[in-house]
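One file, work.cif, carrying mmCIF, C-alpha atoms and all ligand atoms:
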```
data_data
#
loop_
_atom_site.label_atom_id
_atom_site.label_comp_id
_atom_site.auth_asym_id
_atom_site.auth_seq_id
_atom_site.Cartn_x
_atom_site.Cartn_y
_atom_site.Cartn_z
CA MET A 1 40.60 22.19 90.46
CA ASP A 2 38.44 23.76 93.10
CA ARG A 3 35.33 25.83 92.55
CA THR A 4 36.87 29.23 93.39
CA ARG A 5 39.59 28.82 90.76
CA ILE A 6 36.98 27.99 88.12
CA ARG A 7 34.93 31.02 89.11
CA VAL A 8 38.00 33.30 88.87
CA PHE A 9 38.88 31.87 85.47
CA PHE A 10 35.42 32.66 84.05
CA LYS A 11 35.34 36.09 85.61
CA CYS A 12 38.61 37.00 83.88
CA SER A 13 37.83 35.48 80.48
CA ALA A 14 34.15 36.53 80.22
CA PRO A 15 34.85 39.80 78.35
CA LEU A 16 37.23 37.91 76.05
CA ILE A 17 34.56 35.29 75.23
CA PHE A 18 32.02 38.05 74.66
CA TRP A 19 34.26 39.85 72.15
CA LEU A 20 35.16 36.59 70.42
CA CYS A 21 31.46 35.77 69.93
CA LEU A 22 30.74 39.24 68.57
CA LEU A 23 33.68 39.04 66.15
CA SER A 24 32.73 35.57 64.84
CA THR A 25 29.11 36.63 64.30
CA PHE A 26 30.38 39.58 62.27
CA PHE A 27 32.67 37.38 60.14
CA LEU A 28 29.99 34.74 59.61
CA GLY A 29 27.58 37.41 58.44
CA PHE A 30 30.22 38.88 56.14
CA PHE A 31 30.88 35.51 54.50
CA TRP A 32 27.16 34.82 54.04
CA GLN A 33 26.86 38.09 52.22
CA THR A 34 29.84 37.68 49.92
CA SER A 35 30.43 33.99 49.32
CA GLU A 36 28.48 33.10 46.16
CA GLY A 37 27.90 29.40 45.93
CA HIS A 38 28.78 28.70 49.59
CA TRP A 39 26.66 25.78 50.75
CA LEU A 40 24.99 27.84 53.43
CA ASN A 41 24.39 30.63 51.04
CA ARG A 42 23.07 28.24 48.43
CA GLY A 43 20.65 26.76 50.92
CA ILE A 44 19.36 30.18 51.75
CA SER A 45 19.02 31.32 48.15
CA ILE A 46 17.16 28.13 47.21
CA LEU A 47 14.75 28.85 50.04
CA CYS A 48 14.27 32.40 48.81
CA GLU A 49 13.89 31.23 45.19
CA THR A 50 11.16 28.73 46.02
CA GLN A 51 9.37 31.33 48.05
CA ARG A 52 9.69 33.84 45.22
CA LEU A 53 8.46 31.30 42.66
CA SER A 54 5.50 30.25 44.71
CA ARG A 55 4.63 33.88 45.29
CA ASN A 56 4.68 34.45 41.50
CA LYS A 57 2.50 31.41 40.97
CA THR A 58 0.05 32.73 43.51
CA ASP A 59 0.06 36.09 41.74
CA LEU A 60 -0.72 34.21 38.54
CA LEU A 61 -3.61 32.41 40.20
CA ASP A 62 -5.09 35.67 41.38
CA ASN A 63 -4.44 37.73 38.27
CA SER A 64 -5.18 35.24 35.49
CA PRO A 65 -8.00 36.63 33.35
CA GLU A 66 -11.34 35.10 34.03
CA ILE A 67 -13.03 33.51 31.02
CA GLU A 68 -16.70 34.25 31.39
CA LEU A 69 -18.80 33.20 28.43
CA PRO A 70 -22.00 35.10 27.64
CA ARG A 71 -25.34 33.31 27.73
CA MET A 72 -25.52 31.00 24.73
CA VAL A 73 -28.35 28.74 23.67
CA TYR A 74 -27.48 25.47 22.02
CA THR A 75 -28.28 21.77 22.10
CA LYS A 76 -26.20 20.18 24.79
CA ALA A 77 -23.91 17.25 24.11
CA HIS A 78 -25.14 13.78 25.08
CA ILE A 79 -22.98 10.93 26.26
CA PHE A 80 -24.87 8.38 24.13
CA LYS A 81 -25.07 10.58 21.06
CA PRO A 82 -21.58 10.95 19.63
CA LEU A 83 -21.47 13.89 17.25
CA ARG A 84 -19.90 11.79 14.49
CA THR A 85 -20.12 8.01 14.38
CA ASP A 86 -18.62 7.46 10.94
CA VAL A 87 -15.14 8.86 11.55
CA LEU A 88 -12.48 8.97 14.27
CA THR A 89 -12.80 12.25 16.20
CA VAL A 90 -10.02 11.78 18.75
CA THR A 91 -6.56 10.23 18.49
CA PRO A 92 -5.23 7.69 21.02
CA TRP A 93 -3.22 10.58 22.56
CA PHE A 94 -6.43 12.58 23.03
CA ALA A 95 -5.95 15.11 20.25
CA PRO A 96 -9.24 16.11 18.59
CA ILE A 97 -9.67 15.38 14.88
CA VAL A 98 -11.71 18.23 13.43
CA TRP A 99 -14.71 17.20 11.32
CA GLU A 100 -17.86 19.06 10.37
CA GLY A 101 -20.46 18.48 13.10
CA SER A 102 -17.92 17.67 15.82
CA TYR A 103 -17.64 21.15 17.36
CA ASN A 104 -19.69 24.18 18.35
CA LEU A 105 -18.25 27.23 16.61
CA ASP A 106 -20.07 29.75 18.82
CA ILE A 107 -18.35 28.42 21.94
CA LEU A 108 -14.93 28.26 20.24
CA ASN A 109 -15.27 31.76 18.76
CA GLU A 110 -16.17 33.24 22.11
CA GLN A 111 -13.26 31.50 23.86
CA PHE A 112 -10.84 32.70 21.19
CA ARG A 113 -12.15 36.27 21.21
CA GLN A 114 -11.28 36.48 24.89
CA LYS A 115 -7.66 35.60 24.16
CA ASN A 116 -7.48 38.79 22.06
CA MET A 117 -5.05 37.24 19.57
CA THR A 118 -4.16 37.74 15.93
CA VAL A 119 -3.73 34.81 13.54
CA GLY A 120 -0.83 34.86 11.07
CA LEU A 121 -1.29 33.05 7.75
CA THR A 122 1.94 32.36 5.84
CA ILE A 123 1.97 31.72 2.10
CA PHE A 124 4.75 31.53 -0.46
CA ALA A 125 4.30 32.86 -3.97
CA ILE A 126 7.66 32.52 -5.71
CA LYS A 127 8.06 33.03 -9.44
CA LYS A 128 4.94 31.94 -11.37
CA TYR A 129 3.03 31.06 -8.20
CA VAL A 130 2.06 34.72 -7.75
CA VAL A 131 -0.84 33.93 -10.12
CA PHE A 132 -2.54 32.05 -7.28
CA LEU A 133 -2.54 35.02 -4.88
CA GLN A 134 -5.64 36.88 -6.07
CA ARG A 135 -8.08 34.00 -5.68
CA PHE A 136 -6.37 32.74 -2.54
CA LEU A 137 -6.65 36.08 -0.75
CA GLU A 138 -10.19 36.86 -1.99
CA THR A 139 -11.54 33.51 -0.83
CA ALA A 140 -9.62 33.80 2.46
CA GLU A 141 -11.45 37.07 3.12
CA THR A 142 -14.75 35.21 2.72
CA TYR A 143 -13.94 32.05 4.70
CA PHE A 144 -10.75 32.28 6.79
CA MET A 145 -11.03 33.33 10.46
CA VAL A 146 -14.03 35.53 9.74
CA GLY A 147 -14.55 38.07 12.54
CA HIS A 148 -10.99 37.74 13.85
CA ARG A 149 -7.75 39.65 13.32
CA VAL A 150 -5.54 38.19 10.56
CA LYS A 151 -2.12 39.00 9.10
CA TYR A 152 -1.41 37.49 5.69
CA TYR A 153 2.36 37.10 5.43
CA VAL A 154 3.07 36.74 1.71
CA PHE A 155 6.62 35.59 0.99
CA THR A 156 7.55 36.40 -2.58
CA ASP A 157 10.45 37.30 -4.84
CA ARG A 158 8.10 39.75 -6.62
CA PRO A 159 6.41 42.02 -4.03
CA GLU A 160 5.19 44.29 -6.85
CA ALA A 161 3.10 41.38 -8.16
CA VAL A 162 1.13 40.95 -4.91
CA PRO A 163 -2.44 41.93 -5.87
CA ASN A 164 -4.21 44.75 -4.11
CA VAL A 165 -7.01 42.76 -2.50
CA THR A 166 -9.23 44.78 -0.14
CA VAL A 167 -9.30 43.27 3.31
CA LYS A 168 -11.73 43.77 6.19
CA ASP A 169 -11.01 45.74 9.36
CA GLY A 170 -8.37 44.15 11.56
CA ARG A 171 -6.87 42.26 8.63
CA GLU A 172 -3.70 43.09 6.72
CA ILE A 173 -1.60 41.78 3.81
CA VAL A 174 2.13 41.90 4.59
CA PRO A 175 4.38 41.23 1.55
CA LEU A 176 7.82 39.94 2.58
CA LYS A 177 10.60 39.75 0.03
CA VAL A 178 12.60 36.53 -0.21
CA GLN A 179 15.04 35.24 -2.78
CA ASN A 180 14.00 32.62 -5.30
CA TYR A 181 15.75 29.31 -5.75
CA SER A 182 16.25 27.74 -9.15
CA ARG A 183 15.13 24.22 -8.14
CA TRP A 184 11.46 23.85 -7.23
CA GLN A 185 12.39 21.34 -4.54
CA GLU A 186 14.51 24.05 -2.96
CA ILE A 187 11.66 26.60 -3.11
CA SER A 188 9.40 24.16 -1.34
CA MET A 189 11.93 23.08 1.31
CA ARG A 190 13.28 26.55 2.12
CA ARG A 191 9.84 27.41 3.46
CA MET A 192 10.91 25.70 6.69
CA GLU A 193 14.00 27.88 7.03
CA ILE A 194 12.12 31.09 6.22
CA ILE A 195 9.19 30.39 8.57
CA SER A 196 11.55 29.55 11.44
CA TYR A 197 13.64 32.68 10.85
CA PHE A 198 10.61 35.00 10.68
CA SER A 199 8.94 33.33 13.67
CA LYS A 200 11.84 34.40 15.84
CA GLN A 201 12.41 37.79 14.22
CA ARG A 202 8.86 38.96 13.76
CA PHE A 203 5.89 36.64 14.16
CA ILE A 204 6.45 36.04 17.88
CA ASN A 205 5.85 39.78 18.47
CA GLU A 206 2.84 40.09 16.18
CA VAL A 207 0.62 37.01 16.30
CA GLY A 208 -0.50 34.26 18.67
CA PHE A 209 -0.95 31.48 16.13
CA LEU A 210 0.56 30.69 12.74
CA VAL A 211 -1.19 28.83 9.94
CA CYS A 212 1.17 27.78 7.14
CA VAL A 213 -0.40 26.71 3.85
CA ASP A 214 0.20 26.15 0.13
CA VAL A 215 -0.82 28.99 -2.16
CA ASP A 216 -2.15 26.92 -5.08
CA MET A 217 -5.42 26.65 -3.16
CA ARG A 218 -8.75 28.37 -2.64
CA PHE A 219 -11.04 28.56 0.37
CA ASN A 220 -14.41 27.06 -0.43
CA ASP A 221 -16.06 26.90 3.02
CA HIS A 222 -15.56 27.99 6.62
CA VAL A 223 -12.05 27.64 8.13
CA GLY A 224 -11.99 29.21 11.59
CA VAL A 225 -10.68 29.03 15.13
CA GLU A 226 -11.65 25.35 15.43
CA ILE A 227 -8.33 24.57 13.71
CA LEU A 228 -6.18 26.35 16.31
CA SER A 229 -4.12 24.48 18.88
CA GLU A 230 -0.49 24.31 20.05
CA LEU A 231 0.56 22.16 17.10
CA PHE A 232 -1.66 20.93 14.29
CA ASP A 233 -1.52 19.39 10.84
CA THR A 234 -3.94 18.05 8.26
CA ILE A 235 -4.46 14.47 7.19
CA HIS A 236 -3.36 14.23 3.55
CA PRO A 237 -6.40 13.66 1.27
CA GLY A 238 -4.63 10.84 -0.54
CA PHE A 239 -3.93 8.69 2.52
CA TYR A 240 -6.71 9.11 5.12
CA ALA A 241 -7.73 5.45 4.89
CA SER A 242 -4.30 3.97 4.16
CA GLU A 243 -2.40 1.40 6.15
CA ARG A 244 1.02 2.41 7.48
CA LYS A 245 2.91 0.52 4.81
CA ALA A 246 1.17 2.59 2.11
CA PHE A 247 2.23 5.93 3.61
CA THR A 248 4.82 7.59 1.39
CA TYR A 249 7.15 8.26 4.33
CA GLU A 250 10.90 8.38 3.66
CA ARG A 251 11.99 4.74 3.90
CA ARG A 252 15.75 5.06 3.28
CA ASN A 253 17.37 4.80 6.70
CA ASN A 254 20.27 7.12 5.84
CA SER A 255 17.89 10.09 5.60
CA LYS A 256 16.98 12.15 8.66
CA ALA A 257 13.34 11.78 7.56
CA PHE A 258 13.44 7.97 7.81
CA ILE A 259 10.42 6.39 9.48
CA PRO A 260 10.46 2.62 10.08
CA GLN A 261 7.58 0.47 8.77
CA ASP A 262 6.11 -0.02 12.24
CA GLU A 263 5.88 3.66 13.24
CA GLY A 264 3.70 6.64 12.35
CA ASP A 265 0.06 7.55 12.92
CA PHE A 266 -1.18 9.43 9.85
CA TYR A 267 0.28 10.71 6.62
CA TYR A 268 0.23 14.45 7.24
CA ALA A 269 0.10 17.05 4.46
CA GLY A 270 2.92 19.55 4.06
CA GLY A 271 0.41 22.05 2.69
CA PHE A 272 -1.45 22.91 5.91
CA PHE A 273 0.15 22.99 9.35
CA GLY A 274 0.39 25.44 12.21
CA GLY A 275 0.28 26.16 15.90
CA THR A 276 1.48 28.68 18.42
CA VAL A 277 4.51 30.66 17.20
CA ASP A 278 6.92 28.92 19.58
CA LYS A 279 5.74 25.44 18.53
CA VAL A 280 5.87 26.31 14.81
CA TYR A 281 9.34 27.76 15.37
CA GLN A 282 10.55 24.51 16.94
CA LEU A 283 9.00 22.40 14.20
CA THR A 284 10.30 24.44 11.25
CA LYS A 285 13.75 24.81 12.81
CA LYS A 286 14.07 21.05 13.38
CA CYS A 287 12.82 20.27 9.86
CA HIS A 288 15.21 22.78 8.31
CA GLU A 289 18.15 21.35 10.26
CA ALA A 290 17.23 17.83 9.15
CA ILE A 291 16.91 18.99 5.52
CA MET A 292 20.38 20.57 5.69
CA ALA A 293 21.89 17.48 7.34
CA ASP A 294 20.51 15.38 4.46
CA LYS A 295 21.77 17.91 1.92
CA ASN A 296 25.29 17.66 3.36
CA ARG A 297 25.16 13.96 2.60
CA SER A 298 23.68 14.61 -0.88
CA MET A 299 20.29 13.28 0.20
CA GLU A 300 16.86 14.71 -0.46
CA ALA A 301 13.83 13.11 1.16
CA ILE A 302 11.23 11.60 -1.18
CA TRP A 303 8.63 14.35 -0.55
CA GLN A 304 11.09 17.01 0.58
CA GLU A 305 9.88 19.00 3.62
CA GLU A 306 6.66 16.94 3.84
CA SER A 307 8.76 13.85 4.66
CA HIS A 308 10.60 15.73 7.43
CA LEU A 309 7.34 17.11 8.78
CA ASN A 310 5.94 13.57 8.99
CA LYS A 311 9.08 12.43 10.80
CA TYR A 312 8.76 15.28 13.32
CA PHE A 313 5.15 14.35 14.08
CA VAL A 314 6.03 10.74 14.89
CA TYR A 315 7.93 11.99 17.94
CA HIS A 316 6.11 15.28 18.62
CA LYS A 317 2.45 14.37 18.33
CA PRO A 318 0.15 17.15 17.11
CA THR A 319 -2.28 18.47 19.71
CA LYS A 320 -5.04 18.73 17.08
CA ILE A 321 -5.52 17.12 13.67
CA LEU A 322 -7.52 18.55 10.80
CA SER A 323 -9.59 16.16 8.72
CA PRO A 324 -9.15 16.18 4.92
CA GLU A 325 -12.04 18.70 4.81
CA TYR A 326 -9.25 21.21 5.37
CA LEU A 327 -7.14 20.13 2.41
CA TRP A 328 -9.03 18.50 -0.37
CA ASP A 329 -8.37 17.92 -4.04
CA ASN A 330 -11.34 17.18 -6.31
CA ASN A 331 -9.22 14.52 -8.02
CA PHE A 332 -10.05 12.42 -4.95
CA GLY A 333 -13.82 12.69 -5.64
CA SER A 334 -16.55 13.39 -3.06
CA PRO A 335 -16.74 10.57 -0.48
CA GLN A 336 -19.77 10.29 1.87
CA PHE A 337 -17.90 11.16 5.07
CA LEU A 338 -16.68 14.45 3.61
CA LYS A 339 -19.41 16.93 4.56
CA LYS A 340 -17.44 20.01 3.53
CA LYS A 341 -14.60 20.87 1.17
CA ARG A 342 -13.20 23.83 2.99
CA PHE A 343 -9.85 24.37 1.29
CA LEU A 344 -9.43 23.10 -2.25
CA ALA A 345 -6.45 22.55 -4.53
CA VAL A 346 -6.61 24.75 -7.61
CA PRO A 347 -5.93 22.58 -10.66
CA LYS A 348 -2.56 23.56 -12.09
CA ASN A 349 -1.99 24.11 -15.77
CA HIS A 350 0.88 21.67 -16.04
CA ALA A 351 2.23 23.23 -19.21
CA VAL A 352 2.61 26.60 -17.48
CA ILE A 353 3.15 25.61 -13.86
CA ARG A 354 4.95 22.34 -13.36
CA ASN A 355 3.22 19.88 -11.09
CA ARG A 356 5.49 18.51 -8.46
CA ARG A 357 3.73 15.17 -7.96
CA ASN A 358 3.92 14.48 -11.70
CA SER A 359 7.48 15.66 -12.08
CA HIS A 360 8.42 13.41 -9.19
CA LEU A 361 6.78 10.38 -10.83
CA LYS A 362 8.64 11.08 -14.05
CA CYS A 363 12.00 10.91 -12.26
C1 LIG A 401 7.15 25.08 -8.77
C2 LIG A 401 7.27 23.94 -9.53
C3 LIG A 401 7.16 22.71 -8.93
C4 LIG A 401 6.91 22.66 -7.57
C5 LIG A 401 6.79 23.83 -6.79
C6 LIG A 401 6.93 25.05 -7.39
C7 LIG A 401 6.75 26.29 -6.60
C8 LIG A 401 6.17 26.22 -5.33
C9 LIG A 401 7.09 27.60 -7.10
O1 LIG A 401 7.60 27.80 -8.20
N1 LIG A 401 6.80 28.70 -6.34
C10 LIG A 401 6.22 28.59 -5.11
O2 LIG A 401 5.96 29.62 -4.46
N2 LIG A 401 5.95 27.35 -4.59
C11 LIG A 401 5.39 27.27 -3.22
O3 LIG A 401 5.55 25.96 -2.70
C12 LIG A 401 3.89 27.53 -3.26
O4 LIG A 401 3.50 28.14 -2.06
C13 LIG A 401 3.32 26.15 -3.35
O5 LIG A 401 1.98 26.09 -2.95
C14 LIG A 401 4.27 25.38 -2.45
C15 LIG A 401 4.33 23.87 -2.70
O6 LIG A 401 4.45 23.56 -4.08
P1 LIG A 401 3.24 22.91 -4.88
O7 LIG A 401 1.96 23.52 -4.42
O8 LIG A 401 3.49 22.99 -6.35
O9 LIG A 401 3.29 21.40 -4.42
P2 LIG A 401 2.09 20.31 -4.57
O10 LIG A 401 2.61 19.10 -3.85
O11 LIG A 401 0.87 20.87 -3.91
O12 LIG A 401 1.88 20.10 -6.05
MN MN A 402 0.15 22.78 -3.54
#
```

Any chance you could give the structure as structure tokens?
Amino acid sequence: MDRTRIRVFFKCSAPLIFWLCLLSTFFLGFFWQTSEGHWLNRGISILCETQRLSRNKTDLLDNSPEIELPRMVYTKAHIFKPLRTDVLTVTPWFAPIVWEGSYNLDILNEQFRQKNMTVGLTIFAIKKYVVFLQRFLETAETYFMVGHRVKYYVFTDRPEAVPNVTVKDGREIVPLKVQNYSRWQEISMRRMEIISYFSKQRFINEVGFLVCVDVDMRFNDHVGVEILSELFDTIHPGFYASERKAFTYERRNNSKAFIPQDEGDFYYAGGFFGGTVDKVYQLTKKCHEAIMADKNRSMEAIWQEESHLNKYFVYHKPTKILSPEYLWDNNFGSPQFLKKKRFLAVPKNHAVIRNRRNSHLKC
């Protein structure tokens, strides 16, 4: 083919090529717009998504509130002067263990104040256990989260029996009616179900942290923001020095609470745990599901919800651990290392209020 013929061919088809290009651009654009999930489209949306995300992250960087502590005068920490030398103050997964003398409350209070959060305290007073409420609430007003906002969530089958204890500004008693169960084991275990339900329905909108405790107790010394963390529990006063094999974990392997002999860190108490609402929700939901799975196979763990709680903590390590200062029973005496008895078991009149440890031993 000679050059002139080629030139003529292009001259004639040029407008055709032009229109074809225009048309294909239009169609390509149309398909990009409409085809969800098309590979090209996906590529583009991923690009946009990452850009959007990183822009949000940048916004977060710029807008996150600045924590600026006021001038405070205190003795500084010293590398060669550990605050406590007689007890373990950090776990091998770097969770603090809270002991008297191991923290500076002024610093912690100031940091917490800047979060502008309310603390929720859940207690159950079903049937005869309403008798514990008066002293519990009065002593909590003296020692629990002093200077901070608190909501006392009192679960009871008898809201009319909740005493009228005067509370300080920013604090409130919230009675919440729940049904009672005939078996005491059921009353104790259902706490997991009720806490998880209310966490989702209510607590998540009202408080930042939840503290969940037994009601047959009294506050006897300071219990404040030093306890707060994503997920925390207390070392049981009966087992702080025990070897693993002595822990009263559930040892039957057909229970969901089963813990093998070579696992577990501490024996945690069922009577004092807490954390952020989302973490407490996850914990109580999991424990309740495990309790129900056992129930369906006619099983009940040796220490009911406490056994399931201990199982949960083997695989979801607490981010902070409270020393037995935070849950003590004078039946265990007054050992040297225990500088404070902050939260004490109220001796139960066994004739009137059955004791669960004793009734278990009788079985
Ligand atoms: C009653 C009899 C035996 C065991 C428990 C109960 C019981 C417990 C009850 O009738 N009403 C009730 O509200 N409870 C709640 O469960 C209380 O908040 C109580 O603090 C918690 C755990 O039961 P405790 O304190 O008797 O268990 P221990 O192991 O501290 O003796
Ligand atoms: Mn108790």

Item to check | For ligand MN 402 (chain A), the nearest of the candidates A:Met192, A:Ala125, A:Met145, A:Ile235, counting only C-alpha atoms and all ligand atoms | outcome: A:Ala125

Item to check | Exercise: A:Phe136 partners within 9 Å, all atoms listed in the file, chain neighbours under 2 positions left out, as a list in words | outcome: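 Surrounding residues, per the criterion: Phe132, Leu133, Gln134, Glu138, Thr139, Ala140, Glu141, Val215, Asp216, Met217, Arg218 and Phe219 of chain A.
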
Suppose we keep C-alpha atoms; can you now write the selection as a PDB file, in the coordinates of the input?
```pdb
ATOM      1  CA  PHE A 132      -2.540  32.050  -7.280  1.00  0.00           C
ATOM      2  CA  LEU A 133      -2.540  35.020  -4.880  1.00  0.00           C
ATOM      3  CA  GLN A 134      -5.640  36.880  -6.070  1.00  0.00           C
ATOM      4  CA  GLU A 138     -10.190  36.860  -1.990  1.00  0.00           C
ATOM      5  CA  THR A 139     -11.540  33.510  -0.830  1.00  0.00           C
ATOM      6  CA  ALA A 140      -9.620  33.800   2.460  1.00  0.00           C
ATOM      7  CA  GLU A 141     -11.450  37.070   3.120  1.00  0.00           C
ATOM      8  CA  VAL A 215      -0.820  28.990  -2.160  1.00  0.00           C
ATOM      9  CA  ASP A 216      -2.150  26.920  -5.080  1.00  0.00           C
ATOM     10  CA  MET A 217      -5.420  26.650  -3.160  1.00  0.00           C
ATOM     11  CA  ARG A 218      -8.750  28.370  -2.640  1.00  0.00           C
ATOM     12  CA  PHE A 219     -11.040  28.560   0.370  1.00  0.00           C
TER      13      PHE A 219
END
```

Checklist entry - What is the distance between atom CA of A:Ser323 and atom CA of A:Phe239, in Å to one decimal? => result 11.2 Å

Next on the checklist: Around ligand MN 402 (chain A), out to 12 Å and counting all atoms listed in the file, which residues are there? I want them as a PyMOL selection string.
Outcome noted: chain A and resi 123-125+129+132+136+184+188+212-218+236+269-272+306+327-329+343-348+353-357

Checklist entry - How many Å separate atom CA of A:Leu231 from atom CA of A:Asn56? => result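 Atom CA of A:Asn56 lies at a distance of 27.6 Å from atom CA of A:Leu231.
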
Checklist entry - Hey, can you check how far atom CA of A:Phe258 sits from atom CA of A:Asn296? => result 15.9 Å
